[in-house]
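Source file: run.txt. Holds: compact mmCIF, C-alpha atoms.
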# COMPACT_ATOMS: atom_id res chain seq x y z
CA MET A 1 112.25 124.20 116.55
CA SER A 2 111.93 122.33 119.85
CA LYS A 3 111.57 118.57 119.86
CA LEU A 4 109.21 116.44 121.89
CA LEU A 5 111.18 113.29 121.10
CA GLU A 6 114.68 112.84 119.68
CA VAL A 7 116.11 109.43 118.81
CA ASN A 8 119.75 109.96 117.84
CA GLY A 9 121.82 107.11 116.35
CA VAL A 10 120.21 104.49 118.58
CA SER A 11 121.21 100.82 118.38
CA LYS A 12 120.17 97.72 120.35
CA ILE A 13 122.17 94.49 120.25
CA PHE A 14 121.01 91.10 121.54
CA ARG A 15 122.87 87.83 121.90
CA VAL A 16 120.98 85.01 120.22
CA GLY A 17 120.67 81.27 120.76
CA GLY A 18 119.95 78.28 118.57
CA MET A 19 122.22 77.75 115.58
CA LEU A 20 123.49 81.30 116.04
CA ARG A 21 124.31 80.84 119.73
CA GLY A 22 126.84 83.36 120.93
CA LYS A 23 126.33 85.61 117.93
CA LYS A 24 125.12 89.18 118.18
CA LEU A 25 121.95 90.39 116.52
CA VAL A 26 121.66 94.11 115.87
CA ALA A 27 117.91 94.48 116.36
CA VAL A 28 118.00 98.26 115.92
CA ASP A 29 120.86 99.68 113.88
CA ASN A 30 121.78 103.38 114.19
CA VAL A 31 118.24 104.77 113.98
CA SER A 32 117.54 108.50 114.16
CA LEU A 33 114.16 110.22 114.06
CA SER A 34 112.30 112.96 115.91
CA ILE A 35 108.88 114.42 116.68
CA ASP A 36 108.43 118.18 116.96
CA SER A 37 106.76 119.57 120.05
CA ASP A 38 104.80 122.36 118.36
CA LYS A 39 102.35 120.18 116.42
CA PRO A 40 101.00 116.76 117.48
CA VAL A 41 101.45 114.04 114.87
CA ILE A 42 100.89 110.34 114.31
CA LEU A 43 104.15 108.67 113.31
CA SER A 44 103.70 105.12 112.04
CA ILE A 45 106.62 102.73 112.22
CA VAL A 46 106.12 100.00 109.63
CA GLY A 47 107.90 96.89 108.38
CA GLU A 48 107.68 93.12 108.47
CA SER A 49 107.90 91.11 111.70
CA GLY A 50 111.35 91.18 113.25
CA CYS A 51 112.41 94.47 111.68
CA GLY A 52 112.96 96.18 115.05
CA LYS A 53 109.71 98.15 115.41
CA SER A 54 108.83 96.98 118.91
CA THR A 55 112.44 96.98 120.13
CA LEU A 56 112.83 100.61 119.07
CA CYS A 57 109.67 101.65 120.89
CA LYS A 58 110.58 99.68 124.00
CA MET A 59 113.67 101.85 124.16
CA VAL A 60 111.51 104.97 123.87
CA LEU A 61 109.37 103.54 126.70
CA ARG A 62 112.54 102.87 128.75
CA LEU A 63 111.85 99.13 128.81
CA HIS A 64 115.20 98.60 127.04
CA ASN A 65 118.34 100.70 127.29
CA PRO A 66 120.07 101.54 124.01
CA ASP A 67 123.53 100.05 123.57
CA MET A 68 124.52 103.06 121.48
CA GLY A 69 123.02 106.45 120.78
CA GLU A 70 120.77 108.71 122.81
CA ILE A 71 117.07 109.35 123.34
CA LYS A 72 115.72 112.67 124.56
CA LEU A 73 112.27 113.72 125.72
CA ASP A 74 111.64 117.46 125.82
CA GLY A 75 115.37 117.97 125.41
CA LYS A 76 116.23 115.83 128.45
CA SER A 77 118.41 112.79 127.84
CA TYR A 78 117.27 109.44 129.20
CA SER A 79 120.85 108.79 130.27
CA ASP A 80 121.00 111.93 132.42
CA LYS A 81 119.80 110.72 135.80
CA LYS A 82 119.73 114.26 137.18
CA SER A 83 117.14 115.45 134.67
CA TYR A 84 115.19 112.21 134.37
CA ASP A 85 112.18 112.05 136.68
CA PRO A 86 110.52 108.58 136.50
CA LYS A 87 107.16 109.89 137.69
CA GLN A 88 107.13 112.75 135.19
CA PHE A 89 108.05 110.30 132.43
CA LYS A 90 104.98 108.19 133.24
CA LEU A 91 102.85 111.32 133.03
CA ASP A 92 104.32 112.33 129.67
CA VAL A 93 104.62 108.95 127.91
CA GLN A 94 102.03 106.19 127.97
CA PRO A 95 101.92 102.78 126.22
CA ILE A 96 99.11 100.86 124.55
CA PHE A 97 99.95 97.21 123.89
CA GLN A 98 98.87 94.70 121.28
CA ASN A 99 96.62 92.41 123.31
CA PRO A 100 94.40 94.31 125.75
CA TYR A 101 93.52 91.10 127.60
CA GLU A 102 97.15 90.84 128.70
CA SER A 103 97.03 94.35 130.14
CA PHE A 104 94.19 93.58 132.56
CA SER A 105 94.12 90.67 134.99
CA SER A 106 90.88 88.68 134.90
CA ARG A 107 90.96 88.75 138.71
CA LYS A 108 90.57 92.53 138.99
CA THR A 109 87.86 94.80 137.64
CA VAL A 110 89.11 97.02 134.85
CA ASP A 111 88.08 100.20 136.65
CA THR A 112 90.53 99.27 139.43
CA TYR A 113 93.37 99.84 136.98
CA LEU A 114 91.97 103.20 135.96
CA TYR A 115 91.54 104.36 139.55
CA ASN A 116 95.04 103.19 140.46
CA THR A 117 96.55 105.19 137.59
CA ALA A 118 94.70 108.35 138.59
CA LEU A 119 95.51 108.08 142.30
CA ARG A 120 99.06 106.64 142.15
CA LEU A 121 100.30 109.29 139.73
CA GLY A 122 98.62 112.15 141.58
CA ILE A 123 96.09 113.03 138.88
CA ALA A 124 93.37 112.76 141.53
CA LYS A 125 93.72 113.35 145.28
CA ASN A 126 90.83 111.17 146.37
CA ARG A 127 88.24 108.70 145.09
CA SER A 128 85.72 111.44 144.31
CA GLU A 129 88.19 113.27 142.08
CA ALA A 130 89.25 109.96 140.54
CA ASP A 131 85.63 109.25 139.58
CA LYS A 132 85.57 112.43 137.50
CA VAL A 133 88.99 111.84 135.92
CA VAL A 134 88.25 108.22 135.03
CA ASP A 135 84.80 109.00 133.68
CA GLU A 136 86.14 111.84 131.52
CA SER A 137 88.84 109.60 130.05
CA LEU A 138 86.35 106.85 129.31
CA LYS A 139 83.96 109.28 127.65
CA SER A 140 86.83 110.43 125.44
CA VAL A 141 86.90 106.93 123.93
CA GLY A 142 83.12 106.51 123.67
CA MET A 143 82.57 104.71 126.98
CA SER A 144 81.73 105.76 130.55
CA LEU A 145 82.46 104.81 134.14
CA GLU A 146 78.88 103.60 134.51
CA VAL A 147 79.40 101.07 131.71
CA VAL A 148 82.82 99.87 132.92
CA LYS A 149 82.56 99.95 136.72
CA GLY A 150 82.70 96.59 138.45
CA LYS A 151 83.30 94.61 135.27
CA TYR A 152 86.16 92.27 134.40
CA SER A 153 88.20 92.14 131.22
CA THR A 154 86.47 88.96 130.08
CA GLN A 155 83.17 90.85 129.93
CA PHE A 156 84.42 93.07 127.08
CA SER A 157 85.16 92.46 123.43
CA GLY A 158 88.72 93.04 122.22
CA GLY A 159 87.76 96.38 120.69
CA GLU A 160 85.98 97.55 123.84
CA LEU A 161 88.85 96.54 126.08
CA GLN A 162 91.36 98.30 123.83
CA ARG A 163 89.28 101.46 124.25
CA VAL A 164 89.60 101.02 128.01
CA SER A 165 93.38 100.70 127.53
CA ILE A 166 93.40 103.96 125.62
CA ALA A 167 91.28 105.62 128.31
CA ARG A 168 93.80 104.47 130.90
CA ALA A 169 96.62 106.04 128.88
CA LEU A 170 94.66 109.29 128.60
CA ILE A 171 94.29 109.73 132.36
CA THR A 172 97.71 111.39 132.63
CA ARG A 173 97.06 113.62 129.58
CA PRO A 174 100.37 112.45 128.10
CA LYS A 175 102.39 114.24 125.44
CA LEU A 176 103.18 110.97 123.67
CA ILE A 177 101.34 107.64 123.37
CA ILE A 178 103.16 104.63 121.97
CA ALA A 179 100.74 102.10 120.49
CA ASP A 180 102.40 98.76 119.70
CA GLU A 181 100.27 96.87 117.16
CA PRO A 182 97.10 98.10 118.91
CA VAL A 183 94.69 96.66 116.33
CA ALA A 184 96.46 93.34 115.64
CA ALA A 185 94.28 91.38 118.10
CA ILE A 186 91.05 93.17 117.23
CA ASP A 187 88.29 92.11 114.88
CA ALA A 188 88.71 93.67 111.43
CA SER A 189 85.41 95.53 111.74
CA MET A 190 86.74 97.43 114.78
CA LYS A 191 90.20 98.35 113.48
CA MET A 192 89.21 101.57 111.77
CA ASN A 193 87.26 102.67 114.85
CA ILE A 194 90.45 102.47 116.91
CA VAL A 195 92.70 104.28 114.42
CA ASN A 196 90.00 106.93 113.90
CA LEU A 197 90.07 107.42 117.66
CA PHE A 198 93.81 108.13 117.52
CA LYS A 199 93.19 110.93 115.04
CA GLU A 200 90.44 112.40 117.21
CA LEU A 201 92.61 112.30 120.34
CA ARG A 202 95.58 113.82 118.51
CA ASP A 203 93.44 116.81 117.57
CA LYS A 204 91.45 117.12 120.79
CA TYR A 205 94.21 116.68 123.37
CA LYS A 206 97.28 117.58 121.25
CA ILE A 207 98.85 114.17 121.85
CA SER A 208 101.43 112.72 119.49
CA PHE A 209 101.31 109.00 118.72
CA ILE A 210 103.88 106.45 117.64
CA TYR A 211 101.82 103.78 115.92
CA ILE A 212 103.68 100.49 115.40
CA THR A 213 102.03 98.31 112.78
CA HIS A 214 102.36 95.92 109.88
CA ASP A 215 98.81 96.82 108.84
CA LEU A 216 99.77 99.29 106.14
CA SER A 217 96.18 100.03 105.12
CA THR A 218 95.50 101.62 108.52
CA ALA A 219 98.94 103.27 108.51
CA TYR A 220 98.13 104.94 105.20
CA TYR A 221 94.90 106.29 106.64
CA VAL A 222 96.00 107.44 110.08
CA SER A 223 99.60 108.63 109.69
CA ASP A 224 101.11 112.07 109.36
CA TYR A 225 104.58 110.53 108.95
CA ILE A 226 105.85 107.04 108.21
CA ALA A 227 109.16 105.43 109.17
CA THR A 228 110.02 102.17 107.37
CA LEU A 229 112.32 99.73 109.16
CA TYR A 230 114.14 96.82 107.57
CA ARG A 231 116.44 94.50 109.52
CA GLY A 232 116.79 97.13 112.23
CA CYS A 233 117.65 99.98 109.85
CA LEU A 234 115.53 103.05 109.21
CA ILE A 235 115.46 102.91 105.41
CA GLU A 236 112.85 105.58 104.67
CA TYR A 237 111.14 108.39 106.54
CA GLY A 238 108.82 111.24 105.59
CA PRO A 239 105.25 112.51 105.15
CA ALA A 240 102.87 109.56 104.95
CA LYS A 241 101.10 110.39 101.70
CA GLN A 242 104.36 111.01 99.85
CA ILE A 243 105.87 107.73 101.01
CA MET A 244 102.77 105.64 100.37
CA ASP A 245 102.08 107.16 96.95
CA ASN A 246 105.66 107.62 95.79
CA PRO A 247 108.07 105.43 97.80
CA ALA A 248 111.79 106.10 97.42
CA HIS A 249 113.21 102.81 98.72
CA PRO A 250 112.69 99.53 96.80
CA TYR A 251 111.60 97.76 99.98
CA THR A 252 109.02 100.44 100.76
CA GLU A 253 107.80 100.15 97.17
CA LEU A 254 107.39 96.41 97.67
CA LEU A 255 105.37 96.98 100.84
CA MET A 256 103.17 99.69 99.36
CA SER A 257 102.44 97.74 96.19
CA SER A 258 100.70 95.16 98.36
CA VAL A 259 98.40 97.64 100.10
CA PRO A 260 94.86 98.35 98.90
CA ARG A 261 93.73 101.88 99.71
CA ILE A 262 90.86 102.81 102.00
CA GLY A 263 87.72 100.84 101.34
CA ASP A 264 89.53 97.63 100.40
CA LYS A 265 89.89 94.68 102.74
CA TRP A 266 93.45 93.91 103.80
CA SER A 267 94.74 92.75 107.14
CA GLU A 268 97.31 90.04 106.46
CA GLU A 269 101.00 90.59 107.03
CA ILE A 270 103.05 90.81 103.87
CA ALA A 271 104.63 87.45 103.09
CA MET A 272 108.30 87.48 102.15
CA ALA A 273 110.81 84.67 101.87
CA ASP A 274 112.47 83.91 105.19
CA MET A 275 116.13 84.86 105.44
CA GLU A 276 118.77 83.69 107.89
CA GLY A 277 119.78 85.78 110.87
CA LYS A 278 123.08 86.61 109.20
CA GLU A 279 121.19 89.15 107.08
CA TYR A 280 121.08 91.40 110.14
CA ALA A 281 124.86 91.34 110.40
CA ILE A 282 125.84 92.33 106.87
CA SER A 283 127.73 95.60 106.68
CA TYR A 284 126.46 96.75 103.28
CA CYS A 285 122.85 97.50 102.28
CA LYS A 286 120.75 94.94 104.14
CA PHE A 287 118.12 94.85 101.41
CA ALA A 288 120.69 94.21 98.66
CA PRO A 289 120.23 90.38 98.72
CA ARG A 290 116.56 90.87 97.82
CA CYS A 291 116.69 94.08 95.80
CA PRO A 292 116.17 93.75 92.02
CA TYR A 293 118.04 97.05 91.49
CA ALA A 294 121.12 96.25 93.62
CA THR A 295 124.57 96.85 92.11
CA ASP A 296 128.08 96.00 93.26
CA LYS A 297 128.12 99.34 95.08
CA CYS A 298 125.10 98.25 97.15
CA ARG A 299 126.92 95.04 98.12
CA GLN A 300 130.11 96.79 99.17
CA ALA A 301 129.04 99.49 101.63
CA LYS A 302 126.00 100.67 103.53
CA PRO A 303 124.51 103.84 101.99
CA GLU A 304 124.38 107.07 103.96
CA PRO A 305 120.98 108.68 104.62
CA LYS A 306 119.97 110.79 101.62
CA ASP A 307 117.90 113.95 102.15
CA LEU A 308 115.17 114.09 99.50
CA GLY A 309 113.77 117.43 100.73
CA GLY A 310 110.39 118.12 102.27
CA GLY A 311 111.27 116.17 105.40
CA ARG A 312 112.00 112.96 103.48
CA MET A 313 114.98 110.66 104.00
CA VAL A 314 115.97 107.40 102.31
CA LEU A 315 118.79 104.94 102.93
CA CYS A 316 119.49 103.99 99.33
CA TYR A 317 122.09 104.67 96.64
CA TYR A 318 119.44 104.70 93.90
CA PRO A 319 116.13 106.07 95.26
CA MET A 320 113.04 105.09 93.30
CA THR A 321 111.94 108.71 93.17
CA GLU A 322 115.09 109.62 91.23
CA LYS A 323 114.62 106.69 88.87
CA LYS A 324 111.11 107.93 88.06
CA LYS A 325 112.38 111.45 87.42
CA GLU A 326 115.01 110.12 85.02
CA ALA A 327 112.43 107.97 83.23
CA LYS A 328 110.32 111.07 82.50
CA LYS A 329 113.21 112.90 80.83

Reformat the file's structure so that it appears as structure tokens.
Amino acid sequence: MSKLLEVNGVSKIFRVGGMLRGKKLVAVDNVSLSIDSDKPVILSIVGESGCGKSTLCKMVLRLHNPDMGEIKLDGKSYSDKKSYDPKQFKLDVQPIFQNPYESFSSRKTVDTYLYNTALRLGIAKNRSEADKVVDESLKSVGMSLEVVKGKYSTQFSGGELQRVSIARALITRPKLIIADEPVAAIDASMKMNIVNLFKELRDKYKISFIYITHDLSTAYYVSDYIATLYRGCLIEYGPAKQIMDNPAHPYTELLMSSVPRIGDKWSEEIAMADMEGKEYAISYCKFAPRCPYATDKCRQAKPEPKDLGGGRMVLCYYPMTEKKKEAKK
């Protein structure tokens, strides 16, 4: 089966300052995941702040280069300069960032950005064609060129401006959209409108999404697949409903136990005790210091990924799913 995106053993290492000056922080630690090209999906990457979600996706967006591992788009490696076409990449992969007000200067009208995208990337040959392209993209998100034209970012609410950001991403008809905390700066009443829009666009335009979030209630609702990160490690991956309803990793279980299902109000980030940066550097299971089920084995070596079947993977010696099976015997 062909792959739209392949992330193979990718790591990103930063040097840090402060009390840890000169030390290395492994922000993303040997992560592998993929998205098939035959069926568009929404893959949510979840975890607490600092777990590596945004760093991983910045590498997919080519804003960071991996220090180890390889990333491929449509089978073409990012590191292969002969096959990598920067313009084609911008057509195929588009970002949506957390704060839409930072994506649009208050000195330019928002439609200027939309026109520039259409004309600069060759989607439209002239202003007349650009009018049609821009209007179509805006209508796809419930707006129109008539409503947006000549207005500045400050004249829109956060939810409205995020829709404009999505419309801008749609202009190239990308294969993949990476949305980094796209509802974090939006009023709670508008969050579900935005994530509903992702589902509609996935089905209408056959676009896959990587949705980065700590808002697990929206992740539960919108995702086809979920990847859980902890201290830079991919600790669990699989179909969203299976992971949310029957988590295999103790950390994922902790996250999911804090999430009300659809219809409940929940938007706060999960609060966990702060740990020192050295937790990133340990060579055994990084969740072992917090895990109530940890054994000496967990504190001696990092577990290998365990295939649970059905597209599920967990980085744990003692998956919760196996514990539950044993308890039923």

**Request:** Choose the residue, out of A:Leu308, A:Ala167, A:Leu197, A:Ala130, that has the smallest atom-to-atom separation from Met143 in chain A; count only C-alpha atoms.
**Result:** A:Ala167

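You can rank A:Phe209, A:Leu201, A:Met192, A:Lys90 by their closest distance to Ser137 in chain A using all atoms listed in the file, and at the top of that list sits A:Leu201.
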
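Interatomic distance, CA of Val164 in chain A against CA of Glu146 in chain A: 12.8 Å.
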
**Request:** Would you mind reading off the distance between CA of Gly158 in chain A and CA of Ala240 in chain A, one decimal, in Å?
**Result:**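 Pair CA of Gly158 in chain A / CA of Ala240 in chain A returns 27.8 Å.
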
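With all atoms listed in the file as the atoms that count, the minimum distance from Gln94 in chain A to the choices A:Ser157, A:Thr109, A:Asn246, A:Thr117 is reached by A:Thr117.
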
**Asked** For Arg107 in chain A, which of A:Gly50, A:Lys151, A:Thr218, A:Gln162 is the closest residue, counting only C-alpha atoms?
**Response**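 The answer is A:Lys151, which sits nearest to Arg107 in chain A.
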
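Between CA of Glu253 in chain A and CA of Leu315 in chain A lies a distance of 13.3 Å.
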
**Item:** Near-Tyr317 in chain A list (12 Å; all atoms listed in the file; drop same-chain fewer than 4 positions) as a PyMOL selection string
**Value:** chain A and resi 235+248-250+284-285+287-288+291+293-307+313+321-323

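The closest residue to Arg202 in chain A, picked from A:Ala227, A:Ile177, A:Val26, A:Ala185 and counting only C-alpha atoms, is A:Ile177.
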
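For the choices A:Asn126, A:Ser54, A:Asn8, A:Ser44, the atom-to-atom distance to Asn30 in chain A is smallest for A:Asn8 when using only C-alpha atoms.
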
**Prompt:** Which polymer residues have any atom within 7 Å of an atom of Ala179 in chain A, counting all atoms listed in the file, with same-chain residues fewer than 6 positions away left out, as a PyMOL selection string?
**Reply:** chain A and resi 95-97+210-212

**Request:** Do a neighbour search on Thr112 in chain A at 9 Å with only C-alpha atoms, toss out local chain neighbours closer than 4 positions, and write the hits as a PyMOL selection string.
**Result:** chain A and resi 108+116-117+149-150

Please define a box with edges along x, y and z of the file around all atoms of range 97-115 of chain A given in the file, extend it by 4 Å on each side, and return its centre and edge lengths in Å to one decimal, as JSON.
{"center_x": 93.9, "center_y": 96.5, "center_z": 130.4, "size_x": 20.1, "size_y": 23.7, "size_z": 26.3}

**Request:** Show which residues sit within 9 Å of Asn196 in chain A, as an MDAnalysis selection string. Count only C-alpha atoms, and ignore same-chain residues fewer than 5 positions away.
**Result:** chainID A and resid 191 201 221:222

**Message:** Residues within 7 Å of (125.3, 90.5, 119.0), file coordinates, counting only C-alpha atoms: what are they? Give the list as number ranges by chain.
**Reply:** A: 13-15, 23-26

**Request:** Could you pull out every residue with an atom within 12 Å of (87.7, 97.5, 125.7), file coordinates, counting only C-alpha atoms, and send them as a ChimeraX atom specification?
**Result:** /A:96,99-104,110-111,138,141-144,147-148,151-168,182-183,185-186,190,194
